[in-house]
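Structure, as structure tokens:
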Amino acid sequence: MGEKILMKGNEVVAEAALRAGCRHYFGYPITPQTEIAHYFAKKMPQYGGTFIQAESEVAAMNMVYGAASAGARVMTSSSSPGVSLKQEAISYAACAELPAVIVNIMRAGPGLGGILAAQSDYFQATKGGGHGDYRMVVLAPSSVQELYELVVEAFNIADRYRTLCMIMGDGMLGQMMEAVEFRDQEDICQADKSWAVTGTEMKRDHNIITSIYIDPEVLEKHNLKLQAKYRQIAENETRVEICNCDGADIIVAAYGTVARIIKNVIKTAEKEGIRVGLIRPVTLWPFPAAAFEKYAQVPKAFLSVEMSAGQMVEDVRLAVNGKKPVHFLGRMGGMIPTQKEILEKIREILK
Amino acid sequence: MAQTDMIFAGFGGQGIQAAGKLIAYAGILEGRHVSFLPSYGPEMRGGTSNCHVIVSDEPIGSPILNSATVVMAMNRPSLDKFESYLEPGGILLIDSSLINRDPVRTDIRVFTIPATQIASEMGNLAFANVIMLGKLIKETGVVTAGNFEGGLKKVLPERKHYLIPEEMKALRIGMDY
């Protein structure tokens, strides 16, 4: 590892992608993630790669489809309203089994909403924002260092399974600066890309990248293949951080920046004699349901804290499966839940 | 000192974000954990630019501050907004050349420095933030002057490194004020 440097989350996304071998970036500016594009615009030429500010988010995601079809390491990034625009091409790329990374630095919605941090795109990312039975791996870092590590990992997972990988951050994570330490060399997955459309040189049959299968039997078979792949991903790639859960009075579920607030709450609550546990899904899909099952008998109740009207809480309820009550606390519109209100909620639940 | 929670606030252009970054970088050089959270939302358009900086011995939980142990206010709207954030016993640093009222709180430690005026006499208004930071590091001990200088080398682009001796002079004026 090198020295620790102070960097903005958004810039770390781009730096991590370059280190992971990403040489093509297509995007369209939107607050609070525009620094990702700035960084690529400045650095990509030094790596001999492609930076294109596309005419729209729709175009950018379709460019990703093209570059991924040719076997390139490619990414796009946007923030909530822009990610909505990408959904059609995301569904196409999922069907065509194209490896690529999509970064969503979430802002408050619905609609154009506002530019401050939110987590209200959980449904869109984990339940399929586009049409059809597809999944993508959704990684939710909670620090700038982890942002670096998970962006590199996202490219590897994408190539290993021929899948889309989304990084879900929020405006706060994108804008904040923290110390980050880069590895001297990244461990880059060298996946077989003999499926890519790179020209046959008249030596082999054509490779075909497609998302259309008119024959229902063929399409069902393709769907079954996709589902088998998703099961394999769920088995191998589920990630979770568990803190303080043994003997906890209450277990809080939170991801991303909200999980950091909970870590402060753990310390403050300890002073009052309340033991708060934290289950932090690092992969939002595949959801770490097993961690909730494992600890379901421990606390008096669960509490999901989110910057949304209550999205991940549905997965928490499915995982806890009625064994304990599951409560919810959420803020919206760019408002951030405070330690104080979370503690009040915990006291009220435990009363 | 386990954790110092700092809010820097002033007008855009006063070097508020730079001040926060300098302390954060110096904090890294101290071998401590740091976070820097700039304001980027609608509050930026209301006359104040601010940032939240935490320097801690332990990994940092939330980078957002709902209260602070140090507030550095470089204009009146900043004082009005953030005085109430201070914890009892907290440190309030005021640029008295630009703020024409006294603090209301009596349970905090207040330091007033005519930083903008001093910087103007030095011939460069851009030093006002560093003069304030001098007082800040003197009273909090959050970072050393040596590591502050190290931070300057990291934050300033190379073409501006010739300013470092003057910046350090400004820092010492603040420390000794």
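For the structure tokens, the naming scheme is as follows: chains receive sequential letters (A, B, ...) according to their order of presentation, residues are indexed from 1 within each chain, and ligands are indexed from 1 in presentation order.
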
Quiz item: Which polymer residues have any atom within 10 Å of an atom of segment 33-36 of chain B, counting only C-alpha atoms, with same-chain residues fewer than 3 positions away left out, as number ranges by chain?
Solution: A: 6-8, 143-144, 175-179; B: 3-7, 17, 20-21, 23-30, 39, 51-64

Using N, CA and C atoms, can you write the selected residues to a file as a compact mmCIF listing (two decimals), in the first residue's frame?
```txt
# COMPACT_ATOMS: atom_id res chain seq x y z
N LEU A 6 -5.66 12.44 0.75
CA LEU A 6 -7.01 12.95 0.99
C LEU A 6 -7.70 13.11 -0.35
N MET A 7 -8.78 12.38 -0.55
CA MET A 7 -9.47 12.45 -1.84
C MET A 7 -10.97 12.45 -1.68
N LYS A 8 -11.62 13.05 -2.66
CA LYS A 8 -13.07 13.11 -2.70
C LYS A 8 -13.62 11.78 -3.22
N SER A 143 -17.44 4.10 3.05
CA SER A 143 -16.33 5.04 3.27
C SER A 143 -15.62 5.22 1.94
N VAL A 144 -14.76 6.22 1.89
CA VAL A 144 -14.05 6.49 0.65
C VAL A 144 -13.08 5.35 0.34
N GLN A 175 -19.26 13.38 -2.28
CA GLN A 175 -18.68 14.71 -2.04
C GLN A 175 -17.65 14.75 -0.94
N MET A 176 -17.72 13.79 0.00
CA MET A 176 -16.82 13.91 1.14
C MET A 176 -15.39 13.49 0.78
N MET A 177 -14.45 14.01 1.56
CA MET A 177 -13.05 13.61 1.39
C MET A 177 -12.63 12.83 2.62
N GLU A 178 -11.88 11.77 2.35
CA GLU A 178 -11.29 10.99 3.43
C GLU A 178 -9.92 10.52 2.97
N ALA A 179 -9.17 9.96 3.90
CA ALA A 179 -7.88 9.40 3.53
C ALA A 179 -8.12 8.10 2.76
N GLN B 3 -11.37 13.08 19.75
CA GLN B 3 -11.96 13.52 18.49
C GLN B 3 -12.24 15.02 18.52
N THR B 4 -11.88 15.72 17.44
CA THR B 4 -12.19 17.14 17.32
C THR B 4 -13.17 17.31 16.17
N ASP B 5 -14.32 17.89 16.47
CA ASP B 5 -15.37 18.11 15.46
C ASP B 5 -15.39 19.59 15.10
N MET B 6 -15.05 19.88 13.87
CA MET B 6 -14.89 21.29 13.48
C MET B 6 -15.81 21.69 12.35
N ILE B 7 -16.38 22.90 12.50
CA ILE B 7 -17.15 23.48 11.39
C ILE B 7 -16.45 24.76 10.96
N GLN B 17 -13.26 26.12 2.27
CA GLN B 17 -13.05 24.72 1.92
C GLN B 17 -11.55 24.38 2.01
N GLY B 20 -10.55 23.79 5.59
CA GLY B 20 -10.96 22.46 6.06
C GLY B 20 -10.04 21.38 5.52
N LYS B 21 -9.70 21.49 4.24
CA LYS B 21 -8.81 20.49 3.63
C LYS B 21 -7.43 20.52 4.27
N ILE B 23 -6.59 21.35 7.33
CA ILE B 23 -6.61 20.70 8.65
C ILE B 23 -6.75 19.18 8.48
N ALA B 24 -7.59 18.77 7.51
CA ALA B 24 -7.78 17.33 7.29
C ALA B 24 -6.47 16.68 6.84
N TYR B 25 -5.77 17.35 5.92
CA TYR B 25 -4.51 16.77 5.45
C TYR B 25 -3.48 16.69 6.56
N ALA B 26 -3.41 17.80 7.34
CA ALA B 26 -2.48 17.80 8.47
C ALA B 26 -2.83 16.68 9.44
N GLY B 27 -4.13 16.41 9.58
CA GLY B 27 -4.59 15.32 10.46
C GLY B 27 -4.09 13.97 9.98
N ILE B 28 -4.11 13.77 8.66
CA ILE B 28 -3.57 12.51 8.11
C ILE B 28 -2.09 12.39 8.46
N LEU B 29 -1.36 13.52 8.32
CA LEU B 29 0.07 13.50 8.62
C LEU B 29 0.33 13.25 10.10
N GLU B 30 -0.65 13.57 10.94
CA GLU B 30 -0.54 13.27 12.37
C GLU B 30 -0.75 11.78 12.61
N SER B 39 -20.05 21.61 2.01
CA SER B 39 -21.45 21.89 1.70
C SER B 39 -21.55 21.98 0.19
N CYS B 51 -17.86 23.68 5.76
CA CYS B 51 -17.46 22.28 5.68
C CYS B 51 -17.32 21.72 7.09
N HIS B 52 -17.53 20.42 7.18
CA HIS B 52 -17.42 19.72 8.45
C HIS B 52 -16.14 18.89 8.41
N VAL B 53 -15.29 19.07 9.38
CA VAL B 53 -14.04 18.32 9.41
C VAL B 53 -13.91 17.62 10.76
N ILE B 54 -13.59 16.34 10.70
CA ILE B 54 -13.38 15.57 11.93
C ILE B 54 -11.96 15.01 11.91
N VAL B 55 -11.26 15.17 13.03
CA VAL B 55 -9.95 14.55 13.19
C VAL B 55 -10.07 13.69 14.45
N SER B 56 -9.76 12.41 14.31
CA SER B 56 -10.04 11.50 15.41
C SER B 56 -8.98 10.43 15.56
N ASP B 57 -8.84 9.92 16.79
CA ASP B 57 -7.93 8.79 17.01
C ASP B 57 -8.53 7.50 16.50
N GLU B 58 -9.84 7.46 16.37
CA GLU B 58 -10.52 6.23 15.97
C GLU B 58 -11.21 6.41 14.62
N PRO B 59 -11.57 5.30 13.96
CA PRO B 59 -12.30 5.43 12.70
C PRO B 59 -13.55 6.29 12.91
N ILE B 60 -13.84 7.12 11.91
CA ILE B 60 -14.90 8.11 12.08
C ILE B 60 -16.25 7.53 11.66
N GLY B 61 -17.24 7.69 12.54
CA GLY B 61 -18.60 7.28 12.21
C GLY B 61 -19.17 8.26 11.21
N SER B 62 -20.13 9.01 11.63
CA SER B 62 -20.77 9.95 10.72
C SER B 62 -19.87 11.14 10.41
N PRO B 63 -19.74 11.49 9.13
CA PRO B 63 -18.97 12.69 8.76
C PRO B 63 -19.77 13.98 8.91
N ILE B 64 -21.06 13.83 9.26
CA ILE B 64 -21.91 15.02 9.39
C ILE B 64 -21.92 15.41 10.85
```

Exercise. Using only C-alpha atoms, find which residues of chain A lie within 10 Å of chain B and jot them down as a PyMOL selection string.
Key: chain A and resi 3-8+31-32+114-117+142-144+171-179+257-267+334+336+338-340

Those residues with N, CA and C atoms, as a compact mmCIF listing (two decimals), in the first residue's frame please?
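Saved to part.txt:
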```txt
# COMPACT_ATOMS: atom_id res chain seq x y z
N GLU A 3 1.04 5.73 0.24
CA GLU A 3 0.75 6.67 1.32
C GLU A 3 -0.75 7.01 1.33
N LYS A 4 -1.17 7.53 2.48
CA LYS A 4 -2.58 7.93 2.60
C LYS A 4 -2.75 9.31 1.97
N ILE A 5 -3.71 9.43 1.07
CA ILE A 5 -3.97 10.75 0.51
C ILE A 5 -5.44 11.13 0.73
N LEU A 6 -5.66 12.44 0.75
CA LEU A 6 -7.01 12.95 0.99
C LEU A 6 -7.70 13.11 -0.35
N MET A 7 -8.78 12.38 -0.55
CA MET A 7 -9.47 12.45 -1.84
C MET A 7 -10.97 12.45 -1.68
N LYS A 8 -11.62 13.05 -2.66
CA LYS A 8 -13.07 13.11 -2.70
C LYS A 8 -13.62 11.78 -3.22
N THR A 31 -25.18 16.63 -10.84
CA THR A 31 -24.83 16.74 -9.42
C THR A 31 -25.53 15.62 -8.67
N PRO A 32 -24.94 14.98 -7.70
CA PRO A 32 -23.65 15.24 -7.07
C PRO A 32 -22.55 14.26 -7.48
N GLY A 114 -33.97 16.71 -5.60
CA GLY A 114 -32.98 17.68 -5.13
C GLY A 114 -31.60 17.08 -5.28
N ILE A 115 -30.57 17.86 -4.89
CA ILE A 115 -29.21 17.38 -5.15
C ILE A 115 -28.55 16.78 -3.91
N LEU A 116 -29.27 16.74 -2.80
CA LEU A 116 -28.64 16.22 -1.58
C LEU A 116 -28.81 14.71 -1.47
N ALA A 117 -28.04 14.14 -0.56
CA ALA A 117 -27.94 12.67 -0.45
C ALA A 117 -29.26 12.00 -0.11
N SER A 142 -19.39 2.36 2.35
CA SER A 142 -19.74 3.37 3.34
C SER A 142 -18.58 4.28 3.71
N SER A 143 -17.44 4.10 3.05
CA SER A 143 -16.33 5.04 3.27
C SER A 143 -15.62 5.22 1.94
N VAL A 144 -14.76 6.22 1.89
CA VAL A 144 -14.05 6.49 0.65
C VAL A 144 -13.08 5.35 0.34
N GLY A 171 -24.92 11.18 -2.29
CA GLY A 171 -24.26 12.47 -2.48
C GLY A 171 -23.21 12.76 -1.43
N MET A 172 -23.47 12.31 -0.21
CA MET A 172 -22.52 12.58 0.86
C MET A 172 -21.20 11.85 0.61
N LEU A 173 -21.30 10.58 0.26
CA LEU A 173 -20.10 9.77 0.01
C LEU A 173 -19.34 10.29 -1.21
N GLY A 174 -20.09 10.74 -2.21
CA GLY A 174 -19.45 11.25 -3.42
C GLY A 174 -18.70 12.55 -3.15
N GLN A 175 -19.26 13.38 -2.28
CA GLN A 175 -18.68 14.71 -2.04
C GLN A 175 -17.65 14.75 -0.94
N MET A 176 -17.72 13.79 0.00
CA MET A 176 -16.82 13.91 1.14
C MET A 176 -15.39 13.49 0.78
N MET A 177 -14.45 14.01 1.56
CA MET A 177 -13.05 13.61 1.39
C MET A 177 -12.63 12.83 2.62
N GLU A 178 -11.88 11.77 2.35
CA GLU A 178 -11.29 10.99 3.43
C GLU A 178 -9.92 10.52 2.97
N ALA A 179 -9.17 9.96 3.90
CA ALA A 179 -7.88 9.40 3.53
C ALA A 179 -8.12 8.10 2.76
N THR A 257 -23.68 5.44 3.94
CA THR A 257 -23.33 6.47 4.92
C THR A 257 -24.18 6.37 6.18
N VAL A 258 -25.41 5.89 6.06
CA VAL A 258 -26.27 5.80 7.25
C VAL A 258 -25.66 4.83 8.27
N ALA A 259 -25.02 3.77 7.76
CA ALA A 259 -24.39 2.81 8.68
C ALA A 259 -23.32 3.49 9.53
N ARG A 260 -22.70 4.52 8.99
CA ARG A 260 -21.67 5.24 9.77
C ARG A 260 -22.32 5.97 10.95
N ILE A 261 -23.51 6.53 10.70
CA ILE A 261 -24.21 7.23 11.78
C ILE A 261 -24.55 6.21 12.87
N ILE A 262 -24.96 5.01 12.45
CA ILE A 262 -25.31 3.97 13.43
C ILE A 262 -24.10 3.60 14.29
N LYS A 263 -22.91 3.62 13.68
CA LYS A 263 -21.71 3.29 14.48
C LYS A 263 -21.52 4.30 15.60
N ASN A 264 -21.87 5.56 15.37
CA ASN A 264 -21.84 6.54 16.46
C ASN A 264 -22.92 6.24 17.48
N VAL A 265 -24.10 5.85 16.97
CA VAL A 265 -25.22 5.54 17.88
C VAL A 265 -24.85 4.38 18.80
N ILE A 266 -24.13 3.39 18.26
CA ILE A 266 -23.72 2.23 19.08
C ILE A 266 -22.98 2.72 20.32
N LYS A 267 -22.04 3.65 20.10
CA LYS A 267 -21.22 4.16 21.22
C LYS A 267 -22.07 4.96 22.22
N GLY A 334 -33.26 14.54 1.08
CA GLY A 334 -31.91 15.05 1.32
C GLY A 334 -31.66 15.28 2.80
N ILE A 336 -30.95 14.03 6.57
CA ILE A 336 -30.15 12.91 7.05
C ILE A 336 -30.58 12.57 8.48
N THR A 338 -30.54 11.93 12.22
CA THR A 338 -29.53 12.31 13.22
C THR A 338 -29.41 11.22 14.27
N GLN A 339 -28.24 11.19 14.91
CA GLN A 339 -28.01 10.26 16.02
C GLN A 339 -29.12 10.38 17.05
N LYS A 340 -29.48 11.64 17.34
CA LYS A 340 -30.46 11.92 18.37
C LYS A 340 -31.80 11.26 18.05
```

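The closest residue to Met74 of chain B, picked from B:Leu163, B:Ala126, B:Ile99, B:Val143 and counting only C-alpha atoms, is B:Ile99.
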
Residues within 9 Å of Pro99 of chain A, only C-alpha atoms, excluding chain neighbours under 5 positions, as an mmCIF file with all heavy atoms, in the first residue's frame:
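Done, and the output landed in selection.cif:
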```cif
data_model
loop_
_atom_site.group_PDB
_atom_site.id
_atom_site.type_symbol
_atom_site.label_atom_id
_atom_site.label_comp_id
_atom_site.auth_asym_id
_atom_site.auth_seq_id
_atom_site.Cartn_x
_atom_site.Cartn_y
_atom_site.Cartn_z
ATOM 1 N N TYR A 65 -22.963 -0.521 -23.564
ATOM 2 C CA TYR A 65 -23.382 -1.790 -24.174
ATOM 3 C C TYR A 65 -22.435 -2.146 -25.323
ATOM 4 O O TYR A 65 -21.959 -3.286 -25.436
ATOM 5 C CB TYR A 65 -24.822 -1.655 -24.671
ATOM 6 C CG TYR A 65 -25.470 -2.924 -25.206
ATOM 7 C CD1 TYR A 65 -26.471 -3.576 -24.483
ATOM 8 C CD2 TYR A 65 -25.116 -3.455 -26.448
ATOM 9 C CE1 TYR A 65 -27.080 -4.723 -24.966
ATOM 10 C CE2 TYR A 65 -25.713 -4.604 -26.942
ATOM 11 C CZ TYR A 65 -26.704 -5.242 -26.199
ATOM 12 O OH TYR A 65 -27.296 -6.376 -26.681
ATOM 13 N N ALA A 68 -18.767 -2.912 -23.995
ATOM 14 C CA ALA A 68 -18.744 -4.191 -23.271
ATOM 15 C C ALA A 68 -18.870 -5.348 -24.261
ATOM 16 O O ALA A 68 -18.237 -6.397 -24.079
ATOM 17 C CB ALA A 68 -19.864 -4.239 -22.236
ATOM 18 N N SER A 69 -19.654 -5.164 -25.318
ATOM 19 C CA SER A 69 -19.805 -6.215 -26.339
ATOM 20 C C SER A 69 -18.468 -6.526 -26.989
ATOM 21 O O SER A 69 -18.205 -7.657 -27.394
ATOM 22 C CB SER A 69 -20.785 -5.772 -27.431
ATOM 23 O OG SER A 69 -22.058 -5.540 -26.879
ATOM 24 N N GLY A 71 -15.752 -6.473 -25.460
ATOM 25 C CA GLY A 71 -14.877 -7.061 -24.445
ATOM 26 C C GLY A 71 -14.087 -6.057 -23.623
ATOM 27 O O GLY A 71 -13.193 -6.433 -22.874
ATOM 28 N N ALA A 72 -14.422 -4.785 -23.725
ATOM 29 C CA ALA A 72 -13.659 -3.764 -23.002
ATOM 30 C C ALA A 72 -14.147 -3.619 -21.565
ATOM 31 O O ALA A 72 -15.307 -3.899 -21.263
ATOM 32 C CB ALA A 72 -13.784 -2.428 -23.723
ATOM 33 N N ARG A 73 -13.252 -3.161 -20.694
ATOM 34 C CA ARG A 73 -13.671 -2.784 -19.336
ATOM 35 C C ARG A 73 -14.235 -1.373 -19.417
ATOM 36 O O ARG A 73 -13.535 -0.428 -19.796
ATOM 37 C CB ARG A 73 -12.496 -2.841 -18.366
ATOM 38 C CG ARG A 73 -12.280 -4.249 -17.844
ATOM 39 C CD ARG A 73 -11.625 -4.281 -16.488
ATOM 40 N NE ARG A 73 -11.979 -5.542 -15.816
ATOM 41 C CZ ARG A 73 -11.528 -5.915 -14.632
ATOM 42 N NH1 ARG A 73 -10.700 -5.131 -13.970
ATOM 43 N NH2 ARG A 73 -11.914 -7.050 -14.099
ATOM 44 N N VAL A 74 -15.506 -1.230 -19.036
ATOM 45 C CA VAL A 74 -16.205 0.021 -19.307
ATOM 46 C C VAL A 74 -17.117 0.381 -18.148
ATOM 47 O O VAL A 74 -17.600 -0.501 -17.440
ATOM 48 C CB VAL A 74 -17.000 -0.109 -20.638
ATOM 49 C CG1 VAL A 74 -17.950 -1.291 -20.614
ATOM 50 C CG2 VAL A 74 -17.768 1.163 -20.980
ATOM 51 N N ALA A 93 -28.550 -4.921 -21.541
ATOM 52 C CA ALA A 93 -27.194 -5.410 -21.247
ATOM 53 C C ALA A 93 -27.245 -6.625 -20.322
ATOM 54 O O ALA A 93 -26.424 -7.534 -20.429
ATOM 55 C CB ALA A 93 -26.361 -4.298 -20.627
ATOM 56 N N ALA A 94 -28.224 -6.636 -19.412
ATOM 57 C CA ALA A 94 -28.372 -7.785 -18.507
ATOM 58 C C ALA A 94 -28.739 -9.014 -19.316
ATOM 59 O O ALA A 94 -28.192 -10.103 -19.112
ATOM 60 C CB ALA A 94 -29.429 -7.495 -17.444
ATOM 61 N N PHE A 155 -15.561 -4.386 -11.005
ATOM 62 C CA PHE A 155 -15.081 -4.763 -12.343
ATOM 63 C C PHE A 155 -14.751 -6.250 -12.403
ATOM 64 O O PHE A 155 -15.022 -6.925 -13.397
ATOM 65 C CB PHE A 155 -13.855 -3.926 -12.730
ATOM 66 C CG PHE A 155 -14.220 -2.558 -13.223
ATOM 67 C CD1 PHE A 155 -14.136 -1.457 -12.384
ATOM 68 C CD2 PHE A 155 -14.679 -2.376 -14.523
ATOM 69 C CE1 PHE A 155 -14.491 -0.191 -12.827
ATOM 70 C CE2 PHE A 155 -15.028 -1.117 -14.981
ATOM 71 C CZ PHE A 155 -14.946 -0.019 -14.124
ATOM 72 N N ILE A 157 -16.039 -8.696 -10.461
ATOM 73 C CA ILE A 157 -17.280 -9.488 -10.405
ATOM 74 C C ILE A 157 -17.978 -9.438 -11.764
ATOM 75 O O ILE A 157 -18.455 -10.451 -12.277
ATOM 76 C CB ILE A 157 -18.220 -8.967 -9.283
ATOM 77 C CG1 ILE A 157 -17.599 -9.221 -7.907
ATOM 78 C CG2 ILE A 157 -19.595 -9.635 -9.377
ATOM 79 C CD1 ILE A 157 -18.350 -8.568 -6.751
ATOM 80 N N ALA A 158 -18.014 -8.253 -12.355
ATOM 81 C CA ALA A 158 -18.680 -8.091 -13.656
ATOM 82 C C ALA A 158 -18.066 -9.037 -14.685
ATOM 83 O O ALA A 158 -18.783 -9.739 -15.397
ATOM 84 C CB ALA A 158 -18.569 -6.639 -14.121
ATOM 85 N N ASP A 159 -16.740 -9.073 -14.740
ATOM 86 C CA ASP A 159 -16.074 -9.928 -15.729
ATOM 87 C C ASP A 159 -16.228 -11.410 -15.391
ATOM 88 O O ASP A 159 -16.416 -12.244 -16.273
ATOM 89 C CB ASP A 159 -14.579 -9.584 -15.805
ATOM 90 C CG ASP A 159 -14.318 -8.449 -16.792
ATOM 91 O OD1 ASP A 159 -15.295 -7.945 -17.377
ATOM 92 O OD2 ASP A 159 -13.148 -8.082 -16.974
ATOM 93 N N ARG A 160 -16.123 -11.717 -14.080
ATOM 94 C CA ARG A 160 -16.167 -13.123 -13.670
ATOM 95 C C ARG A 160 -17.496 -13.773 -14.036
ATOM 96 O O ARG A 160 -17.542 -14.926 -14.426
ATOM 97 C CB ARG A 160 -15.931 -13.207 -12.160
ATOM 98 C CG ARG A 160 -15.369 -14.541 -11.687
ATOM 99 C CD ARG A 160 -15.036 -14.488 -10.196
ATOM 100 N NE ARG A 160 -13.988 -13.531 -9.889
ATOM 101 C CZ ARG A 160 -14.016 -12.692 -8.845
ATOM 102 N NH1 ARG A 160 -15.031 -12.683 -8.010
ATOM 103 N NH2 ARG A 160 -13.023 -11.862 -8.631
ATOM 104 N N TYR A 161 -18.588 -13.025 -13.910
ATOM 105 C CA TYR A 161 -19.917 -13.615 -14.140
ATOM 106 C C TYR A 161 -20.595 -13.087 -15.397
ATOM 107 O O TYR A 161 -21.757 -13.418 -15.629
ATOM 108 C CB TYR A 161 -20.818 -13.355 -12.927
ATOM 109 C CG TYR A 161 -20.314 -13.970 -11.643
ATOM 110 C CD1 TYR A 161 -19.557 -13.223 -10.746
ATOM 111 C CD2 TYR A 161 -20.605 -15.294 -11.322
ATOM 112 C CE1 TYR A 161 -19.091 -13.779 -9.564
ATOM 113 C CE2 TYR A 161 -20.142 -15.867 -10.146
ATOM 114 C CZ TYR A 161 -19.380 -15.095 -9.274
ATOM 115 O OH TYR A 161 -18.924 -15.656 -8.105
ATOM 116 N N ARG A 162 -19.923 -12.243 -16.159
ATOM 117 C CA ARG A 162 -20.592 -11.555 -17.268
ATOM 118 C C ARG A 162 -21.891 -10.920 -16.769
ATOM 119 O O ARG A 162 -22.987 -11.245 -17.217
ATOM 120 C CB ARG A 162 -20.897 -12.530 -18.417
ATOM 121 C CG ARG A 162 -19.711 -12.832 -19.290
ATOM 122 C CD ARG A 162 -20.115 -13.654 -20.504
ATOM 123 N NE ARG A 162 -20.942 -12.897 -21.438
ATOM 124 C CZ ARG A 162 -21.387 -13.382 -22.597
ATOM 125 N NH1 ARG A 162 -21.088 -14.606 -22.955
ATOM 126 N NH2 ARG A 162 -22.133 -12.640 -23.387
ATOM 127 N N THR A 163 -21.729 -10.020 -15.814
ATOM 128 C CA THR A 163 -22.917 -9.391 -15.227
ATOM 129 C C THR A 163 -22.707 -7.893 -15.055
ATOM 130 O O THR A 163 -21.572 -7.405 -15.064
ATOM 131 C CB THR A 163 -23.249 -10.025 -13.867
ATOM 132 O OG1 THR A 163 -24.497 -9.508 -13.408
ATOM 133 C CG2 THR A 163 -22.196 -9.710 -12.818
ATOM 134 N N LEU A 164 -23.794 -7.193 -14.871
ATOM 135 C CA LEU A 164 -23.710 -5.777 -14.528
ATOM 136 C C LEU A 164 -23.482 -5.659 -13.026
ATOM 137 O O LEU A 164 -23.998 -6.451 -12.240
ATOM 138 C CB LEU A 164 -25.010 -5.059 -14.888
ATOM 139 C CG LEU A 164 -25.349 -4.990 -16.374
ATOM 140 C CD1 LEU A 164 -26.747 -4.406 -16.561
ATOM 141 C CD2 LEU A 164 -24.317 -4.148 -17.122
ATOM 142 N N CYS A 165 -22.697 -4.659 -12.660
ATOM 143 C CA CYS A 165 -22.439 -4.398 -11.248
ATOM 144 C C CYS A 165 -22.720 -2.932 -10.993
ATOM 145 O O CYS A 165 -22.233 -2.073 -11.737
ATOM 146 C CB CYS A 165 -20.969 -4.652 -10.982
ATOM 147 S SG CYS A 165 -20.690 -5.959 -9.845
#
```

Exercise. Using DSSP on the backbone, list every residue of segment 21-175 of chain B that comes out as helix (DSSP H, G or I), and give them as a VMD selection string.
Key: chain B and resid 21 to 29 42 to 46 76 to 85 115 to 122 125 to 140 145 to 155 158 to 175

Self-check item: Exercise: Glu55 of chain A partners within 12 Å, only C-alpha atoms, chain neighbours under 6 positions left out, as JSON, numbers by chain
Solution: {"A": [26, 27, 28, 29, 61, 62, 63]}

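Atom CA of Lys271 of chain A lies 13.8 Å from atom CA of Ile346 of chain A.
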
Which polymer residues have any atom within 7 Å of an atom of Pro141 of chain A, counting only C-alpha atoms, with same-chain residues fewer than 5 positions away left out, as a short mmCIF file (atom, residue, chain, number, x, y, z; two decimals) with all heavy atoms, in the first residue's frame?
```
data_model
loop_
_atom_site.label_atom_id
_atom_site.label_comp_id
_atom_site.auth_asym_id
_atom_site.auth_seq_id
_atom_site.Cartn_x
_atom_site.Cartn_y
_atom_site.Cartn_z
N GLU A 146 -13.48 2.23 1.18
CA GLU A 146 -14.26 1.08 0.71
C GLU A 146 -14.80 1.33 -0.71
O GLU A 146 -14.96 0.39 -1.50
CB GLU A 146 -15.42 0.80 1.68
CG GLU A 146 -16.03 -0.57 1.45
CD GLU A 146 -17.24 -0.85 2.34
OE1 GLU A 146 -17.90 0.10 2.80
OE2 GLU A 146 -17.52 -2.02 2.57
N LEU A 147 -15.05 2.58 -1.01
CA LEU A 147 -15.48 2.94 -2.36
C LEU A 147 -14.42 2.48 -3.36
O LEU A 147 -14.72 1.86 -4.39
CB LEU A 147 -15.67 4.47 -2.42
CG LEU A 147 -16.39 5.11 -3.58
CD1 LEU A 147 -17.73 4.47 -3.86
CD2 LEU A 147 -16.59 6.59 -3.29
N LEU A 150 -14.38 -1.43 -3.49
CA LEU A 150 -15.54 -2.04 -4.14
C LEU A 150 -15.64 -1.70 -5.63
O LEU A 150 -16.18 -2.50 -6.40
CB LEU A 150 -16.83 -1.66 -3.40
CG LEU A 150 -16.98 -2.29 -2.00
CD1 LEU A 150 -18.32 -1.91 -1.37
CD2 LEU A 150 -16.83 -3.81 -2.01
N GLY A 169 -23.73 4.69 -4.10
CA GLY A 169 -23.28 5.61 -3.06
C GLY A 169 -24.35 6.68 -2.91
O GLY A 169 -25.42 6.60 -3.51
N GLY A 256 -24.37 1.95 3.58
CA GLY A 256 -23.76 3.18 3.09
C GLY A 256 -23.48 4.17 4.21
O GLY A 256 -23.11 3.78 5.32
N VAL A 282 -23.34 -5.02 2.58
CA VAL A 282 -22.37 -4.42 1.67
C VAL A 282 -22.84 -4.70 0.24
O VAL A 282 -22.72 -3.85 -0.64
CB VAL A 282 -20.95 -4.97 1.92
CG1 VAL A 282 -19.95 -4.43 0.90
CG2 VAL A 282 -20.50 -4.62 3.34
#
```

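Of the residues under consideration (A:Arg231, A:Arg183, A:Arg239, A:Lys42), A:Arg239 shows the shortest atom-to-atom contact distance to Leu284 of chain A when counting only C-alpha atoms.
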
Self-check item: Which of segment 2-41 of chain B fall in strand (DSSP E or B), as a list in words
Solution: Gln3, Thr4, Asp5, Met6, Ile7, Phe8, Ala9, Gly10, His33, Val34, Ser35, Phe36, Leu37 and Pro38 of chain B

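Proximity to Ala145 of chain B at 9 Å, evaluated using only C-alpha atoms and with sequence-adjacent residues fewer than 3 positions away removed, yields Ala26, Gly134, Ile137, Lys138, Phe148, Glu149, Gly150, Met168, Leu171 and Arg172 of chain B.
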
Quiz item: Any idea what the distance is between atom CA of Met168 of chain A and atom CA of Ala68 of chain B?
Solution: 29.0 Å

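The residue that comes closest to Met166 of chain A, out of A:Asp205, A:Thr283, A:Leu219, A:Glu181 and on the basis of only C-alpha atoms, is A:Thr283.
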